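**Q** structure.pdb is the file, holding PDB, C-alpha atoms:
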ATOM      1  CA  MET A   1       1.714  13.894  17.628
ATOM      2  CA  SER A   2       2.982  16.061  14.842
ATOM      3  CA  LEU A   3       3.475  15.965  11.115
ATOM      4  CA  LEU A   4       7.058  15.499   9.989
ATOM      5  CA  THR A   5       8.652  16.991   6.877
ATOM      6  CA  ILE A   6       9.173  14.421   4.133
ATOM      7  CA  LEU A   7      12.465  14.807   2.271
ATOM      8  CA  GLU A   8      12.148  14.887  -1.510
ATOM      9  CA  TYR A   9      14.404  13.506  -4.216
ATOM     10  CA  PRO A  10      17.168  14.436  -5.000
ATOM     11  CA  ASP A  11      17.896  15.440  -1.374
ATOM     12  CA  LEU A  12      21.167  13.713  -0.470
ATOM     13  CA  ARG A  13      19.917  12.870   3.034
ATOM     14  CA  LEU A  14      17.737  10.223   1.361
ATOM     15  CA  ARG A  15      20.964   8.419   0.388
ATOM     16  CA  LYS A  16      22.184   8.014   3.964
ATOM     17  CA  ARG A  17      22.171   4.441   5.290
ATOM     18  CA  ALA A  18      20.128   4.172   8.488
ATOM     19  CA  ALA A  19      21.727   2.924  11.713
ATOM     20  CA  PRO A  20      20.189   0.097  13.738
ATOM     21  CA  VAL A  21      17.886   1.040  16.590
ATOM     22  CA  THR A  22      19.650   0.044  19.811
ATOM     23  CA  GLU A  23      16.771   0.537  22.240
ATOM     24  CA  VAL A  24      13.003   0.823  21.913
ATOM     25  CA  THR A  25      12.044   3.774  24.111
ATOM     26  CA  ASP A  26       9.056   6.046  24.629
ATOM     27  CA  THR A  27      10.841   8.626  22.461
ATOM     28  CA  LEU A  28      11.047   6.091  19.641
ATOM     29  CA  ARG A  29       7.360   5.209  20.077
ATOM     30  CA  ASN A  30       6.516   8.927  19.825
ATOM     31  CA  THR A  31       8.527   9.042  16.601
ATOM     32  CA  ILE A  32       6.552   6.024  15.343
ATOM     33  CA  ASP A  33       3.281   7.842  16.103
ATOM     34  CA  ASP A  34       4.515  10.963  14.276
ATOM     35  CA  MET A  35       5.576   8.851  11.295
ATOM     36  CA  LEU A  36       2.184   7.154  11.119
ATOM     37  CA  GLU A  37       0.379  10.496  11.296
ATOM     38  CA  THR A  38       2.659  11.857   8.563
ATOM     39  CA  MET A  39       2.169   8.784   6.356
ATOM     40  CA  TYR A  40      -1.631   8.874   6.629
ATOM     41  CA  ALA A  41      -1.752  12.649   6.018
ATOM     42  CA  ALA A  42       0.503  12.489   2.931
ATOM     43  CA  PRO A  43      -1.398  10.145   1.957
ATOM     44  CA  GLY A  44       0.847   7.119   1.700
ATOM     45  CA  ILE A  45       0.962   3.446   2.552
ATOM     46  CA  GLY A  46       4.534   3.323   3.838
ATOM     47  CA  LEU A  47       7.161   5.603   5.329
ATOM     48  CA  ALA A  48      10.759   4.944   6.300
ATOM     49  CA  ALA A  49      12.458   7.014   8.991
ATOM     50  CA  THR A  50      15.095   8.089   6.463
ATOM     51  CA  GLN A  51      12.373   9.930   4.534
ATOM     52  CA  VAL A  52      11.761  12.211   7.530
ATOM     53  CA  ASN A  53      15.474  12.752   8.177
ATOM     54  CA  ILE A  54      15.689  10.230  11.014
ATOM     55  CA  HIS A  55      18.468   7.843  10.120
ATOM     56  CA  LYS A  56      17.382   4.854  12.186
ATOM     57  CA  ARG A  57      16.227   1.468  10.849
ATOM     58  CA  LEU A  58      12.531   2.064  11.386
ATOM     59  CA  LEU A  59       9.557   1.972   9.038
ATOM     60  CA  VAL A  60       5.789   2.099   9.245
ATOM     61  CA  LEU A  61       3.171   0.990   6.749
ATOM     62  CA  ASP A  62      -0.480   0.265   6.311
ATOM     63  CA  VAL A  63      -1.634  -1.511   3.163
ATOM     64  CA  SER A  64      -5.116  -2.256   4.540
ATOM     65  CA  GLU A  65      -8.082  -1.092   2.517
ATOM     66  CA  ASN A  66      -9.507   0.977   5.381
ATOM     67  CA  LYS A  67      -6.125   2.326   6.533
ATOM     68  CA  ASP A  68      -6.732   0.915   9.998
ATOM     69  CA  THR A  69      -3.974  -1.686  10.317
ATOM     70  CA  PRO A  70      -0.677   0.126  10.939
ATOM     71  CA  LEU A  71       2.436  -2.033  11.049
ATOM     72  CA  VAL A  72       5.763  -1.083  12.635
ATOM     73  CA  PHE A  73       9.110  -2.636  11.733
ATOM     74  CA  ILE A  74      12.206  -1.796  13.760
ATOM     75  CA  ASN A  75      15.531  -3.120  12.393
ATOM     76  CA  PRO A  76      13.807  -5.079   9.608
ATOM     77  CA  GLU A  77      15.734  -7.819   7.801
ATOM     78  CA  ILE A  78      14.366  -9.377   4.636
ATOM     79  CA  ASP A  79      14.888 -12.854   3.172
ATOM     80  CA  VAL A  80      13.580 -13.674  -0.291
ATOM     81  CA  LEU A  81      11.301 -16.722  -0.292
ATOM     82  CA  ASP A  82      10.187 -16.549  -3.938
ATOM     83  CA  PRO A  83      12.488 -14.651  -6.303
ATOM     84  CA  GLU A  84       9.919 -14.746  -9.122
ATOM     85  CA  PRO A  85       9.558 -11.051  -9.975
ATOM     86  CA  LEU A  86       6.345  -9.211  -9.289
ATOM     87  CA  GLY A  87       5.924  -6.018 -11.297
ATOM     88  CA  TYR A  88       4.132  -3.272  -9.422
ATOM     89  CA  GLU A  89       3.623   0.381 -10.263
ATOM     90  CA  GLU A  90       5.359   2.130  -7.396
ATOM     91  CA  GLY A  91       5.236   5.680  -6.202
ATOM     92  CA  CYS A  92       7.005   7.361  -3.331
ATOM     93  CA  LEU A  93       6.277  10.177  -0.918
ATOM     94  CA  SER A  94       9.852  11.371  -1.522
ATOM     95  CA  VAL A  95       9.273  11.421  -5.295
ATOM     96  CA  PRO A  96       5.825  13.042  -5.389
ATOM     97  CA  GLY A  97       3.657  12.607  -8.429
ATOM     98  CA  TYR A  98       5.735   9.924 -10.166
ATOM     99  CA  TYR A  99       4.902   6.259 -10.612
ATOM    100  CA  ASP A 100       6.659   3.545 -12.555
ATOM    101  CA  LEU A 101       6.803  -0.209 -12.861
ATOM    102  CA  VAL A 102       9.377  -1.860 -10.592
ATOM    103  CA  SER A 103       9.991  -5.613 -10.354
ATOM    104  CA  ARG A 104      10.716  -7.080  -6.939
ATOM    105  CA  PRO A 105      10.713 -10.602  -5.476
ATOM    106  CA  ARG A 106       7.181 -11.926  -5.127
ATOM    107  CA  LYS A 107       7.403 -13.386  -1.615
ATOM    108  CA  ILE A 108       9.621 -12.463   1.336
ATOM    109  CA  ARG A 109      10.087 -13.080   5.036
ATOM    110  CA  VAL A 110      10.813 -10.135   7.312
ATOM    111  CA  ARG A 111      12.249 -10.264  10.811
ATOM    112  CA  ALA A 112      11.972  -7.164  12.969
ATOM    113  CA  LEU A 113      11.014  -5.697  16.315
ATOM    114  CA  ASN A 114       7.536  -4.258  16.886
ATOM    115  CA  ARG A 115       6.756  -0.986  18.705
ATOM    116  CA  ALA A 116       7.009  -2.816  22.056
ATOM    117  CA  GLY A 117      10.508  -4.031  21.186
ATOM    118  CA  GLN A 118       9.404  -7.642  20.734
ATOM    119  CA  SER A 119      10.920  -9.720  17.962
ATOM    120  CA  PHE A 120       8.616 -11.133  15.276
ATOM    121  CA  ASP A 121       8.784 -12.504  11.785
ATOM    122  CA  MET A 122       6.203 -12.715   9.044
ATOM    123  CA  GLU A 123       5.879 -13.775   5.460
ATOM    124  CA  ALA A 124       4.614 -11.268   2.942
ATOM    125  CA  GLU A 125       3.612 -11.314  -0.689
ATOM    126  CA  GLY A 126       1.848  -8.993  -3.085
ATOM    127  CA  LEU A 127       1.512  -5.340  -2.110
ATOM    128  CA  LEU A 128       2.782  -5.941   1.437
ATOM    129  CA  ALA A 129       5.988  -7.538   0.104
ATOM    130  CA  VAL A 130       6.479  -4.706  -2.396
ATOM    131  CA  CYS A 131       5.929  -2.046   0.260
ATOM    132  CA  LEU A 132       8.305  -3.684   2.737
ATOM    133  CA  GLN A 133      11.053  -3.984   0.125
ATOM    134  CA  HIS A 134      10.496  -0.385  -0.997
ATOM    135  CA  GLU A 135      10.756   0.959   2.559
ATOM    136  CA  VAL A 136      13.774  -1.184   3.488
ATOM    137  CA  ASP A 137      15.460   0.183   0.358
ATOM    138  CA  HIS A 138      14.998   3.670   1.867
ATOM    139  CA  LEU A 139      16.793   2.521   5.017
ATOM    140  CA  ASP A 140      19.678   1.460   2.776
ATOM    141  CA  GLY A 141      19.760   4.824   0.960
ATOM    142  CA  LYS A 142      18.029   3.570  -2.182
ATOM    143  CA  LEU A 143      14.940   4.965  -3.920
ATOM    144  CA  PHE A 144      12.532   3.360  -6.376
ATOM    145  CA  VAL A 145      13.848   5.681  -9.113
ATOM    146  CA  ASP A 146      17.162   3.808  -8.859
ATOM    147  CA  TYR A 147      15.386   0.918 -10.611
ATOM    148  CA  LEU A 148      14.529   3.184 -13.563
ATOM    149  CA  SER A 149      16.670   4.218 -16.509
ATOM    150  CA  ILE A 150      19.122   7.083 -16.078
ATOM    151  CA  LEU A 151      17.097   9.135 -18.545
ATOM    152  CA  LYS A 152      13.864   8.693 -16.540
ATOM    153  CA  ARG A 153      15.695   9.569 -13.307
ATOM    154  CA  GLN A 154      17.126  12.725 -14.843
ATOM    155  CA  ARG A 155      13.710  13.801 -16.127
ATOM    156  CA  ILE A 156      12.075  13.203 -12.740
ATOM    157  CA  LYS A 157      14.858  15.070 -10.939
ATOM    158  CA  ALA A 158      14.637  18.064 -13.310
ATOM    159  CA  LYS A 159      10.826  18.208 -13.045
ATOM    160  CA  LEU A 160      10.850  18.034  -9.229
ATOM    161  CA  GLN A 161      13.502  20.751  -9.023
ATOM    162  CA  LYS A 162      11.484  22.957 -11.403
ATOM    163  CA  ASP A 163       8.314  22.379  -9.352
ATOM    164  CA  ARG A 164      10.169  23.175  -6.118
ATOM    165  CA  LYS A 165      11.461  26.463  -7.528
ATOM    166  CA  ARG A 166       7.960  27.361  -8.753
ATOM    167  CA  ASP A 167       6.538  26.529  -5.306
ATOM    168  CA  GLU A 168       9.161  28.712  -3.635
ATOM    169  CA  ARG A 169       8.149  31.613  -5.889
ATOM    170  CA  GLY A 170       4.491  30.916  -5.126
ATOM    171  CA  ASP A 171       3.309  30.944  -8.746
ATOM    172  CA  GLY A 172       1.694  27.561  -9.141
ATOM    173  CA  LYS A 173       1.085  24.122  -7.827
ATOM    174  CA  SER A 174       3.631  21.348  -7.964
ATOM    175  CA  ALA A 175       3.200  18.151  -9.953
ATOM    176  CA  LYS A 176       2.108  16.249  -6.859
ATOM    177  CA  ASP A 177      -0.419  13.601  -7.657
ATOM    178  CA  GLU A 178      -3.517  12.586  -5.734
ATOM    179  CA  HIS A 179      -2.483   8.901  -5.727
ATOM    180  CA  GLU A 180      -1.234   7.198  -2.637
ATOM    181  CA  ALA A 181       2.485   6.581  -2.642
ATOM    182  CA  LEU A 182       4.738   4.149  -0.838
TER     183      LEU A 182
END
Could you rewrite the structure in this file as structure tokens?
**A**
Amino acid sequence: MSLLTILEYPDLRLRKRAAPVTEVTDTLRNTIDDMLETMYAAPGIGLAATQVNIHKRLLVLDVSENKDTPLVFINPEIDVLDPEPLGYEEGCLSVPGYYDLVSRPRKIRVRALNRAGQSFDMEAEGLLAVCLQHEVDHLDGKLFVDYLSILKRQRIKAKLQKDRKRDERGDGKSAKDEHEAL
């Protein structure tokens, strides 16, 4: 297994819509393992393939308290079961160090394939529902900052670009936060 590079906003590759996975192979399972290792090391609770420059409809997550229950979703499709909004302070590995309140449907159903290529569906609410919706947004080329005001997005973009330039010069740490991000 190996750690993958996580793309950071405003990288345009994050805006690319992911293509469906046509076959679950050993190569794909290796990618899943690399994504899980990358997510845990970041540390995060979810990671979409788009975030590591793999434009396939694949995501991994683990919202368990002990970080010992990884979930894999290949070609996930979401249906809203309860549109009542749930506000949750979201963060993102592709937008390091920034968190903001985002409202999403409270309860969803997801249909997907697991790492063995078997179809399954499950209902999700709370943090699991938020995380799934956040990661599926990535597969559609959308980031959590798209739910924020234009002014907030511009400030985040400018700060991340400034931090990146400072990191490249080697004269200070970035604004990355110690919190876990989706």
**Q** With only C-alpha atoms as the atoms that count, which of A:Val24, A:Met35, A:Ala112, A:Leu7 lies nearest to A:Leu47?
**A** A:Met35
**Q** How far is it from atom CA of A:Ile74 to atom CA of A:Leu113, in Å with one decimal?
**A**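 Rounded to one decimal, the two atoms are 4.8 Å apart.
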**Q** Could you write out as a ChimeraX atom specification the residues that the PyMOL selection byres ((chain A and resi 54) around 10) matches in the shown file?
**A** /A:13-14,16,18-19,31,48-53,55-58,139
**Q** Have a look at A:Ser94, A:Thr5, A:Ser103, A:Gln133 and name the one nearest to A:Glu77; count all atoms listed in the file.
**A**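 Closest to A:Glu77 of all the choices is A:Gln133.
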**Q** Please determine an axis-aligned box that encloses all atoms of stretch 93-111 of chain A listed in the file, with 3 Å added on each side, and express its centre and edge lengths in Å to one decimal as AutoDock Vina command-line options.
**A**
--center_x 8.0 --center_y -0.2 --center_z -1.0 --size_x 14.6 --size_y 32.4 --size_z 29.7
**Q** Which residues are near A:Arg115? Cut-off 12 Å, all atoms listed in the file, ignore same chain within fewer than 2 positions. Put them as an MDAnalysis selection string.
**A** chainID A and resid 21 23:33 58:60 70:75 112:113 117:120
**Q** Just to be explicit: take each residue in the selection above, keep C-alpha atoms, and write the result as a short mmCIF file (atom, residue, chain, number, x, y, z; two decimals), keeping the file's coordinate frame.
**A**
data_model
loop_
_atom_site.label_atom_id
_atom_site.label_comp_id
_atom_site.auth_asym_id
_atom_site.auth_seq_id
_atom_site.Cartn_x
_atom_site.Cartn_y
_atom_site.Cartn_z
CA VAL A 21 17.89 1.04 16.59
CA GLU A 23 16.77 0.54 22.24
CA VAL A 24 13.00 0.82 21.91
CA THR A 25 12.04 3.77 24.11
CA ASP A 26 9.06 6.05 24.63
CA THR A 27 10.84 8.63 22.46
CA LEU A 28 11.05 6.09 19.64
CA ARG A 29 7.36 5.21 20.08
CA ASN A 30 6.52 8.93 19.82
CA THR A 31 8.53 9.04 16.60
CA ILE A 32 6.55 6.02 15.34
CA ASP A 33 3.28 7.84 16.10
CA LEU A 58 12.53 2.06 11.39
CA LEU A 59 9.56 1.97 9.04
CA VAL A 60 5.79 2.10 9.24
CA PRO A 70 -0.68 0.13 10.94
CA LEU A 71 2.44 -2.03 11.05
CA VAL A 72 5.76 -1.08 12.64
CA PHE A 73 9.11 -2.64 11.73
CA ILE A 74 12.21 -1.80 13.76
CA ASN A 75 15.53 -3.12 12.39
CA ALA A 112 11.97 -7.16 12.97
CA LEU A 113 11.01 -5.70 16.32
CA GLY A 117 10.51 -4.03 21.19
CA GLN A 118 9.40 -7.64 20.73
CA SER A 119 10.92 -9.72 17.96
CA PHE A 120 8.62 -11.13 15.28
#
**Q** Could you name the residues that touch A:Lys107 at 6 Å or less, counting all atoms listed in the file, but leaving out those on the same chain fewer than 4 positions away, as a ChimeraX atom specification?
**A** /A:81-82,124-125
**Q** Residues of the last selection are to be written out with C-alpha atoms, as a PDB file, keeping the file's coordinate frame.
**A**
ATOM      1  CA  LEU A  81      11.301 -16.722  -0.292  1.00  0.00           C
ATOM      2  CA  ASP A  82      10.187 -16.549  -3.938  1.00  0.00           C
ATOM      3  CA  ALA A 124       4.614 -11.268   2.942  1.00  0.00           C
ATOM      4  CA  GLU A 125       3.612 -11.314  -0.689  1.00  0.00           C
TER       5      GLU A 125
END
**Q** Can you measure atom CA of A:Val63 to atom CA of A:Cys131 for me? One decimal in Å is fine.
**A**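 Value for the atom CA of A:Val63-atom CA of A:Cys131 distance: 8.1 Å.
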**Q** Applying the PyMOL selection byres ((chain A and resi 140) around 8) to the file I just gave you, which residues come out? Please list them as a list in words.
**A**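 On this input, the PyMOL selection byres ((chain A and resi 140) around 8) captures Arg15, Lys16, Arg17, Ala18, Val136, Asp137, His138, Leu139, Gly141 and Lys142 of chain A.
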**Q** Which residue is closest to A:Pro105? Choose from A:Leu93, A:Ile6, A:Ala129, A:Leu151 and count all atoms listed in the file.
**A**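 Of the candidates, the smallest distance to A:Pro105 is held by A:Ala129.
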